[in-house]
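Take a look at the structure set out below.
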Amino acid sequence: MPGKLKVKIVAGRHLPVMDRASDLTDAFVEVKFGNTTFKTDVYLKSLNPQWNSEWFKFEVDDEDLQDEPLQITVLDHDTYSANDAIGKVYIDIDPLLYSEAATVISGWFPIYDTIHGIRGEINVVVKVDLFNDLNRFRQSSCGVKFFCTTSIPKCYRAVIIHGFVEELVVNEDPEYQWIDRIRTPRASNEARQRLISLMSGELQRKIGLKVLEMRGNAVVGYLQCFDLEGESGLVVRAIGTACTLDKLSSPAAFLPACNSPSKEMKEIPFNEDPNPNTHSSGPSTPLKNQTYSFSPSKSYSRQSSSSDTDLSLTPKTGMGSGSAGKEGGPFKALLRQQTQSALEQRGGSPHRFCRRREFPFFTLTAFPPGFLVHVGGVVSARSVKLLDRIHNPAFVGIMGNTRSYKLLDWNSFNSDEPETRDAWWAEIRQEIKSHAKALGCHAVVGYSESTSICEEVCILSASGTAAVLNPRFLQDGTVEGCLEQRLEENLPAGCGFCHIPYDELNMPFPAHLTYCYNCRKQKVPDVLFTTIDLPIDATVIGKGCLIQARLCRLKKKAQAEANATAISNLLPFMEYEVHTQLMNKLKLKGMNALFGLRIQITVGENMLMGLASATGVYLAALPTPGGIQIAGKTPNDGSYEQHISHMQKKINDTIAKNKELYEINPPEVSEEIIGSPIPEPRQRSRLLRSQSESSDEVTELDLSHGKKDAFVLEIDDTDAMEDVHSLLTDVPPPSGFYSCNTEIMPGINNWTSEIQMFTSVRVIRLSSLNLTNQALNKNFNDLCENLLKSLYFKLRSMIPCCLCHVNFTVSLPEDELIQVTVTAVAITFDKNQALQTTKTHVEKSLQRASTDNEELLQFPLELCSDSLPSHPFPPAKAVTVEKASPMGEGNFRNRSAPPCANSTVGVVKMTPLSFIPGAKITKYLGIINMFFIRETTSLREEGGVSGFLHAFIAEVFAMVRAHVAALGGNAVVSYIMKQCVFMENPNKNQAQCLINVSGDAVVFVRESELEVVSTQQPTANCQPSCTGGEVTT
Amino acid sequence: MTSELDIFVGNTTLIDEDVYRLWLDGYSVSDAVALRVRSGILEQTGATAAVLQSDTMDHYRTFHMLERLLHAPPKLLHQLIFQIPPSRQALLIERYYAFDEAFVREVLGKKLSKGTKKDLDDISTKTGITLKSCRRQFDNFKRVFKVVEEMRGSLVDNIQQHFLLSDRLARDYAAIVFFANNRFETGKKKLQYLSFGDFAFCAELMIQNWTLGAVDSQVDDMDVDLDKEFLQDLKELKMLVADKDLLDLHKSLVCTALRGKLGVFSEMEANFKNLSRGLVNVAAKLTHNKDVRDLFVDLVEKFVEPCRSDHWPLNDVRLFLNQYSASVHSLDGFRHQALWDRYMGTLRGCLLRLYHD
């Protein structure tokens, strides 16, 4: 289906001086799409040229429209020599291809050069005319909407959630092509940027096709990543959740939505047998026996992280047949069996769409009410792979060791390369799926995948949360076997998801179960780990907090197989320790559940790093966590004993302090109600470090209940001592600060509209002498703690405030370097409005508004009734807050709202969250997915590494904002910096950095503006509030 | 463990006013950290010195990047790299262009050239302002001067438009530009008692009344250069003192009117001719550039000092000057009433401002 792309170059401003003699520039513009190029006239002698070009028209296929970026190059005309490039702008025209997104891209774009950074701006207008009618067009892959947001977007309703979509594309990296030896760094960078842009487009189009095959119309929770595999190539891969979405504000979608699905959903439970005991499913029972056999390798918290140590050395044979388990054992054998049987089931058929049924995975982390029935626990899988090695002579490149290998023969890439990568991921996904099954779950939610690459070794990781879902929302077939699942809708909301999905008599791993503290009918575990956000209806006591486990392990430098083996052997220990740390820290906080758990294992030349982040909360449904008890090894020694008791006291004090700090005061429950559900011999839990050779967490369970149970830490060596010390060295954030890595902070709902998104990067150099694991751990721990302290200090003017969606990324760019990148958003909240119950109510209704139409009808009503005395965002108050705090973005907005003669730059908010506090998102304009390379050969002159990277990140933000503004948006939500690869060579005065960011461009309207609409029509349904919002934009 | 790289970038650029001030004052990062520690910030926030160091470095880096934009403030408003709320942008600009009283008194009226720039070392030592800060202030003066020097239209408006300064600061810069252009001497020992505010006040009156712009708002340099024709014409005033009859008549008119109203009447009566000669001679001398430069020296020598030595109260000076200017209208033999008013109106304002201890 052809379309016509129209581009107009209007003007430029703040161009750099290209002609030293005149201090001016003779600029012109090349507009390129596909293989067609147009040029503007040369605008002589001006730094602010006014080209006002004609409309350049490109007639192209929609496939090209999706794949190709529009490339705009600004040049300085030179009569006698070659024209000098000033810089480029790449514009992704994808948002113009959805019917509901942007209709025109128009605005000032920073002109970007990979060597000089931003050099002035250019005003461009882009339009697309599609020749076919809308209906036909929507049948093509073009019409599929993409969202980075990992929940159902705010102004849509999910009709069906189809399930997992994935795709990957492989290409050779231009940086490693032979031609790179003769071309300039600029040309090389640009080739790379362009290639990745092309590959992203292609990937998105392919995923779109899969979604259409599934009869969906959107991808939610779209996560696209790059694997820079060096000489073996460049992999762009993406995962997402295919959905059929209805826009809420469109009247057509609104009408049928009012009666059908939500009501049905509510009706089900009443017809169901209320007996809560029978929630095991038929088809999954046989599997359970199977999986029980490898239960020792399961972690205490259901985090079944059985580091897959398969070593695939011959990737070209494909399909996992090359995997040779290092440590046989029944577990490995079983796994391989499963993998193979799964592959056989596929029957070698290369039809990709079959695969989605194999993997009932969801990249979503927040769900429509009623969607999530039970949560089993975290499932994760890792696998160490060797990237293909092509034996060619190495050349020393311009960047020293960062580019030391140049490929001579890059044609040797075999065509089945993507198949190999596909097979690797299929293996891992299969493992995840079987872990979930072992937990009695048929689905995995909050699913994500990641890689860590060092030289030719690559660790593939996947993790998610095993869960039982309500089949009503899913396309049938995805979740066979769960239809008989008893739903517990008749139980009080807020605890249902905690109830165990597995059979308590046939548990996949030992666990400590009690009756739910909320409903007292169902069994719950004592601790719950998940990768998802806290469900909105969950009952939480007190506030949550960010909990991190940090770990380093030294590793001998090795080559290829030996290296991969060494890593494989280390992984289980790391997982075990990370997990132990998390558990200890959770208990130290007096909490019983983790949400948003993300464990990152990073591989470097001579070490492995593990960083786990999660948000700890106290779930009312789960039992009160026991304390931590320290046991000494040599009880005879008096002074030692004293030391132990001193430590014990310190720990107890810390727990008490934390409970006070996070306001954890669970109601006292009388013993007889709880009872011990399982009559099994009681024993003390012991965390035996010595047994870890069994390659995974070994935790015997503590079946004593109530407050008597305690987690015992046995201090048998200095190592353990260090660990206890490090537990206590984590300092809580200063008063007025909270932090979490989930979307919202449990226990805080009265957000004000002031937000500040930021990225902070730190690199430390380790002293290479005598590095021990302890020293390394301490360094890493200090690095993270100091970084957090710095953040608290920097943002102190926003107190009271919460750092939300704190996302730490660790990388090991070189031998002795550790790089930590943090992106988060600080949101202020109103301390004085402690009416949390009403707030939660509003919050819930807000959330439900997007999915549940019955609730939606009440939404404006609730807003009004609430707005009088205690509305969370009273407009008057918001203004005073903004005045008081000079940093507020809100301040900016308010001032720039009236056409201000001074300022022409509109404010664009950026946030990693899926919402904007105090505002309603009225329109999604399309996905932002940008990749930039910046390089310098004058590092010192640009302020050293810090100056260089500071400027670059600021430029990346600027380019994201400019693109959003050009689409007509005023915010980016679900913003994420997926990659920040920084390499330096200070001796050569050079540095290079690659950054990949993505997010959803949106239009939002302040809630205060919406209120006007809803108070005018207090009895109206949702329509006015939605459409009203759009009118004001 | 050493920190190789340590940065923080916010979507909204964080500006710490205190650190900005330290940066503007030209302190090095380590000095700034020391000063912040002394301010007790560590105790208030529970932060460590390392945190403070990192924070200060971050801010300094940001300011360094912003400095290029601050040289042309409209650029700061239109740039896309730093998202800064308008109120903060205004603050950044205003503070960047703010100057120290001690510094401006040293440079006021001097040619804004390389030569003066070389003297900044001495000024820094003398005033205790860091050399870095002196350079910034000097460069600001020079930058503003270069931009508005040959521009048409009101000086204050031009400055405001090109540098987005507040009205108050734009007026101060207008004075600085005016003084630099006319090279008025302000550094003499006699003038040390005068503040920048005194000069700025005079500058404003002179710009309003004595420049080309005062008569014609359509010429280049209208507010920067004095009206040469007017200065030539001032010679005509000489008859007020040269013509003995006129002088006597003028004196008697003033004395009659002020009798009983002045505490220092007798001193005034005795000094009238000296004072009048002084004021009129200053006017007559203004044809020469050198004498223009000495305007303030002359005014202080010829008028302020004699009155001060006789302990005239300020109110008596006002009454005298009012009467002195007004009485000329009753001198029938004097035809240059308008010229007199243009001259004396401004001079009266200036003298009253300059008359203090």
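Ordered as shown in the structure tokens, chains take letters A, B, and onward, while each chain numbers its residues from 1 and ligands are numbered from 1 in the order shown.
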Residues of chain A within 7 Å of chain B: nearest atom pair and distance (Å, one decimal) for each, counting only C-alpha atoms, sorted by chain and number, as JSON lines?
{"residue": "A:Gln756", "atom": "CA", "partner": "B:Thr12", "partner_atom": "CA", "distance": 6.4}
{"residue": "A:Met757", "atom": "CA", "partner": "B:Asn11", "partner_atom": "CA", "distance": 5.4}
{"residue": "A:Phe758", "atom": "CA", "partner": "B:Gly10", "partner_atom": "CA", "distance": 4.0}
{"residue": "A:Thr759", "atom": "CA", "partner": "B:Val9", "partner_atom": "CA", "distance": 5.3}
{"residue": "A:Ser760", "atom": "CA", "partner": "B:Phe8", "partner_atom": "CA", "distance": 4.2}
{"residue": "A:Val761", "atom": "CA", "partner": "B:Ile7", "partner_atom": "CA", "distance": 5.4}
{"residue": "A:Arg762", "atom": "CA", "partner": "B:Asp6", "partner_atom": "CA", "distance": 4.4}
{"residue": "A:Val763", "atom": "CA", "partner": "B:Leu5", "partner_atom": "CA", "distance": 4.9}
{"residue": "A:Ile764", "atom": "CA", "partner": "B:Ser3", "partner_atom": "CA", "distance": 4.4}
{"residue": "A:Arg765", "atom": "CA", "partner": "B:Thr2", "partner_atom": "CA", "distance": 5.3}
{"residue": "A:Leu766", "atom": "CA", "partner": "B:Met1", "partner_atom": "CA", "distance": 4.8}
{"residue": "A:Ser767", "atom": "CA", "partner": "B:Met1", "partner_atom": "CA", "distance": 5.9}
{"residue": "A:Asn779", "atom": "CA", "partner": "B:Met1", "partner_atom": "CA", "distance": 6.8}
{"residue": "A:Ser790", "atom": "CA", "partner": "B:Val51", "partner_atom": "CA", "distance": 5.3}
{"residue": "A:Phe793", "atom": "CA", "partner": "B:Ala47", "partner_atom": "CA", "distance": 6.7}
{"residue": "A:Lys794", "atom": "CA", "partner": "B:Asp55", "partner_atom": "CA", "distance": 6.8}
{"residue": "A:Met887", "atom": "CA", "partner": "B:Leu14", "partner_atom": "CA", "distance": 6.8}
{"residue": "A:Glu889", "atom": "CA", "partner": "B:Pro85", "partner_atom": "CA", "distance": 6.6}
{"residue": "A:Asn891", "atom": "CA", "partner": "B:Pro85", "partner_atom": "CA", "distance": 6.7}
{"residue": "A:Phe892", "atom": "CA", "partner": "B:Pro85", "partner_atom": "CA", "distance": 4.2}
{"residue": "A:Ser903", "atom": "CA", "partner": "B:Leu77", "partner_atom": "CA", "distance": 5.7}
{"residue": "A:Thr904", "atom": "CA", "partner": "B:His78", "partner_atom": "CA", "distance": 6.2}
{"residue": "A:Val905", "atom": "CA", "partner": "B:His78", "partner_atom": "CA", "distance": 6.1}
{"residue": "A:Met910", "atom": "CA", "partner": "B:Asn11", "partner_atom": "CA", "distance": 6.7}
{"residue": "A:Val945", "atom": "CA", "partner": "B:Leu5", "partner_atom": "CA", "distance": 6.1}
{"residue": "A:Ser946", "atom": "CA", "partner": "B:Leu5", "partner_atom": "CA", "distance": 5.1}
{"residue": "A:Gly947", "atom": "CA", "partner": "B:Arg61", "partner_atom": "CA", "distance": 6.6}
{"residue": "A:His950", "atom": "CA", "partner": "B:Ile7", "partner_atom": "CA", "distance": 6.0}
{"residue": "A:Ile953", "atom": "CA", "partner": "B:Val9", "partner_atom": "CA", "distance": 6.9}
{"residue": "A:Ala954", "atom": "CA", "partner": "B:Ile81", "partner_atom": "CA", "distance": 6.0}
{"residue": "A:Glu955", "atom": "CA", "partner": "B:Ile81", "partner_atom": "CA", "distance": 5.6}
{"residue": "A:Phe957", "atom": "CA", "partner": "B:Asn11", "partner_atom": "CA", "distance": 6.7}
{"residue": "A:Ala958", "atom": "CA", "partner": "B:Ile81", "partner_atom": "CA", "distance": 4.8}
Do you know which residues are at most 8 Å from stretch 203-217 of chain B counting only C-alpha atoms, after dropping those on the same chain fewer than 5 positions away, and could you put them as a ChimeraX atom specification? /B:153-154,171,174-175,178-179,222-227,230,342-343,346,349-350
Can you list, as a PyMOL selection string, every protein, DNA or RNA residue that comes within 6 Å of A:Leu245 when you count only C-alpha atoms, leaving out same-chain residues fewer than 5 positions away? chain A and resi 157-159
Non-local contacts of B:Thr287 (12 Å; only C-alpha atoms; under 4 positions in same chain excluded) as a list of chain:residue names: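 Here the answer would be B:Leu226, B:Asp227, B:Lys228, B:Glu229, B:Phe230, B:Leu231, B:Gln232, B:Asp233, B:Leu234, B:Lys235, B:Glu236, B:Asn281, B:Val282, B:Ala283, B:Asp291, B:Val292, B:Arg293, B:Asp294, B:Leu295.
Residues with any atom within 10 Å of A:Glu456, counting only C-alpha atoms and excluding same-chain neighbours fewer than 6 positions away, are Glu229, Gly230, Glu231, Ser232, Lys385, Leu386, Leu387, Asp388, Arg389, Gln559, Ala560, Glu561, Asn563 and Ala564 of chain A.
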Going by DSSP on the backbone, which bits of stretch 493-572 of chain A are strand (DSSP E or B)? Write them as a list in words, please. Leu513, Thr514, Tyr515, Lys523, Val524, Pro525, Leu528, Phe529, Val540, Ile541, Gly542, Lys543, Gly544, Cys545, Leu546, Ile547, Gln548, Ala549, Arg550, Leu551, Cys552, Arg553 and Leu554 of chain A
So that I can check the surroundings of B:Arg318, please list as a ChimeraX atom specification every protein, DNA and RNA residue that reaches within 12 Å of it, counting only C-alpha atoms and ignoring chain neighbours fewer than 5 positions away. /B:258,261-262,307,312-313,323-325,347-355
Could you please take those selected residues and save all heavy atoms as a compact mmCIF listing (two decimals), in the first residue's frame?
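The result, written out as part_30.txt:
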# COMPACT_ATOMS: atom_id res chain seq x y z
N LEU B 258 15.08 83.89 48.95
CA LEU B 258 15.45 82.91 49.96
C LEU B 258 15.67 83.50 51.35
O LEU B 258 15.91 82.75 52.30
CB LEU B 258 16.73 82.17 49.54
CG LEU B 258 16.57 81.24 48.33
CD1 LEU B 258 17.90 80.60 47.98
CD2 LEU B 258 15.52 80.15 48.62
N LYS B 261 14.60 81.93 54.61
CA LYS B 261 14.26 80.52 54.41
C LYS B 261 15.47 79.61 54.56
O LYS B 261 15.33 78.40 54.73
CB LYS B 261 13.66 80.32 53.01
CG LYS B 261 12.27 80.93 52.90
CD LYS B 261 11.71 80.71 51.51
CE LYS B 261 10.38 81.45 51.39
NZ LYS B 261 10.07 81.76 50.00
N LEU B 262 16.65 80.17 54.42
CA LEU B 262 17.85 79.36 54.48
C LEU B 262 18.53 79.50 55.82
O LEU B 262 18.69 80.61 56.34
CB LEU B 262 18.84 79.79 53.39
CG LEU B 262 18.57 79.36 51.96
CD1 LEU B 262 19.81 79.62 51.12
CD2 LEU B 262 18.16 77.90 51.86
N CYS B 307 29.97 74.06 49.48
CA CYS B 307 28.75 74.01 50.29
C CYS B 307 28.98 73.15 51.53
O CYS B 307 28.54 73.50 52.63
CB CYS B 307 27.58 73.44 49.51
SG CYS B 307 27.10 74.49 48.13
N TRP B 312 26.15 73.32 54.64
CA TRP B 312 24.79 73.54 54.16
C TRP B 312 23.99 72.26 54.40
O TRP B 312 24.43 71.17 54.04
CB TRP B 312 24.77 73.80 52.64
CG TRP B 312 25.33 75.11 52.20
CD1 TRP B 312 26.37 75.79 52.74
CD2 TRP B 312 24.84 75.87 51.10
NE1 TRP B 312 26.60 76.95 52.05
CE2 TRP B 312 25.67 77.02 51.03
CE3 TRP B 312 23.81 75.72 50.17
CZ2 TRP B 312 25.48 78.01 50.05
CZ3 TRP B 312 23.63 76.68 49.20
CH2 TRP B 312 24.45 77.82 49.14
N PRO B 313 22.82 72.39 54.95
CA PRO B 313 21.96 71.20 55.00
C PRO B 313 21.44 70.91 53.59
O PRO B 313 21.33 71.82 52.78
CB PRO B 313 20.80 71.60 55.91
CG PRO B 313 21.15 72.95 56.46
CD PRO B 313 22.18 73.56 55.57
N GLN B 323 15.83 77.85 43.44
CA GLN B 323 15.69 79.28 43.25
C GLN B 323 16.69 79.78 42.23
O GLN B 323 16.37 80.62 41.39
CB GLN B 323 15.89 79.98 44.60
CG GLN B 323 15.31 81.38 44.64
CD GLN B 323 13.85 81.40 44.20
OE1 GLN B 323 13.02 80.63 44.70
NE2 GLN B 323 13.52 82.26 43.24
N TYR B 324 17.89 79.23 42.31
CA TYR B 324 18.97 79.62 41.40
C TYR B 324 18.56 79.35 39.95
O TYR B 324 18.74 80.19 39.08
CB TYR B 324 20.24 78.86 41.77
CG TYR B 324 21.40 79.10 40.85
CD1 TYR B 324 22.10 80.33 40.90
CD2 TYR B 324 21.82 78.15 39.93
CE1 TYR B 324 23.16 80.57 40.05
CE2 TYR B 324 22.88 78.39 39.08
CZ TYR B 324 23.56 79.60 39.14
OH TYR B 324 24.62 79.84 38.29
N SER B 325 17.97 78.21 39.70
CA SER B 325 17.55 77.91 38.33
C SER B 325 16.35 78.75 37.93
O SER B 325 16.30 79.29 36.83
CB SER B 325 17.14 76.43 38.18
OG SER B 325 17.85 75.62 39.04
N LEU B 347 21.43 69.23 35.93
CA LEU B 347 22.50 69.47 36.87
C LEU B 347 21.97 69.56 38.30
O LEU B 347 22.60 69.05 39.23
CB LEU B 347 23.22 70.78 36.50
CG LEU B 347 24.67 70.81 36.97
CD1 LEU B 347 25.49 69.79 36.21
CD2 LEU B 347 25.26 72.20 36.80
N ARG B 348 20.83 70.18 38.44
CA ARG B 348 20.25 70.32 39.77
C ARG B 348 20.02 68.94 40.38
O ARG B 348 20.37 68.67 41.52
CB ARG B 348 18.91 71.07 39.66
CG ARG B 348 18.29 71.39 41.01
CD ARG B 348 17.01 72.16 40.82
NE ARG B 348 16.03 71.35 40.09
CZ ARG B 348 15.10 71.85 39.30
NH1 ARG B 348 15.00 73.14 39.09
NH2 ARG B 348 14.27 71.04 38.68
N GLY B 349 19.41 68.05 39.56
CA GLY B 349 19.17 66.68 40.04
C GLY B 349 20.47 66.00 40.45
O GLY B 349 20.57 65.39 41.50
N CYS B 350 21.46 66.15 39.58
CA CYS B 350 22.74 65.50 39.85
C CYS B 350 23.36 66.03 41.12
O CYS B 350 23.83 65.28 41.97
CB CYS B 350 23.71 65.73 38.69
SG CYS B 350 23.18 64.95 37.16
N LEU B 351 23.37 67.35 41.24
CA LEU B 351 24.03 67.97 42.40
C LEU B 351 23.38 67.54 43.70
O LEU B 351 24.07 67.25 44.67
CB LEU B 351 24.00 69.49 42.26
CG LEU B 351 24.95 70.03 41.19
CD1 LEU B 351 24.71 71.53 40.96
CD2 LEU B 351 26.40 69.78 41.57
N LEU B 352 22.06 67.50 43.68
CA LEU B 352 21.37 67.10 44.90
C LEU B 352 21.76 65.67 45.29
O LEU B 352 21.89 65.35 46.46
CB LEU B 352 19.86 67.20 44.72
CG LEU B 352 19.33 68.63 44.73
CD1 LEU B 352 17.87 68.67 44.33
CD2 LEU B 352 19.52 69.24 46.12
N ARG B 353 21.92 64.82 44.25
CA ARG B 353 22.29 63.43 44.52
C ARG B 353 23.74 63.35 45.00
O ARG B 353 24.09 62.53 45.85
CB ARG B 353 22.11 62.62 43.22
CG ARG B 353 22.48 61.17 43.35
CD ARG B 353 21.45 60.41 44.17
NE ARG B 353 21.94 59.10 44.52
CZ ARG B 353 21.19 58.00 44.44
NH1 ARG B 353 19.93 58.08 44.09
NH2 ARG B 353 21.72 56.84 44.78
N LEU B 354 24.58 64.20 44.42
CA LEU B 354 26.00 64.13 44.77
C LEU B 354 26.28 64.77 46.12
O LEU B 354 27.34 64.56 46.70
CB LEU B 354 26.83 64.86 43.69
CG LEU B 354 26.74 64.31 42.27
CD1 LEU B 354 27.61 65.15 41.33
CD2 LEU B 354 27.19 62.86 42.22
N TYR B 355 25.33 65.56 46.59
CA TYR B 355 25.58 66.28 47.84
C TYR B 355 25.30 65.40 49.05
O TYR B 355 24.17 65.28 49.51
CB TYR B 355 24.72 67.55 47.91
CG TYR B 355 25.13 68.44 49.06
CD1 TYR B 355 26.25 69.28 48.95
CD2 TYR B 355 24.43 68.44 50.26
CE1 TYR B 355 26.65 70.06 50.00
CE2 TYR B 355 24.83 69.21 51.32
CZ TYR B 355 25.96 70.03 51.19
OH TYR B 355 26.36 70.81 52.25
List every residue of stretch 101-146 of chain B that DSSP, applied to the backbone of this structure, places in helix (DSSP H, G or I), and write the result as a VMD selection string. chain B and resid 101 to 107 114 to 118 120 to 127 131 to 146
Do you have the atom CA of A:Glu455-atom CA of A:Ser188 distance handy?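 Between these atoms lies a distance of 20.7 Å.
Counting only C-alpha atoms and comparing B:Lys302, B:His311, B:Lys117, B:Arg183, the residue that lies closest to B:Met268 is B:His311.
Each of A:Gln642, A:Ser811, A:Asn665, A:Gly201 was checked against A:Ile453 using only C-alpha atoms; the smallest atom-to-atom distance is that of A:Ser811.
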Could you name the residues that touch stretch 518-531 of chain A at 7 Å or less, counting only C-alpha atoms, but leaving out those on the same chain fewer than 5 positions away, as a PyMOL selection string? chain A and resi 276+301+377-378+446+464-465+491-492+495+498-500+511-513+592-598+620-623
Pairwise distance for atom CA of A:Leu209 and atom CA of A:Gly370, rounded to one decimal in Å: 29.3 Å
How far is it from atom CA of B:Gln44 to atom CA of A:Pro734, in Å with one decimal?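 Separating atom CA of B:Gln44 from atom CA of A:Pro734 is a distance of 10.7 Å.
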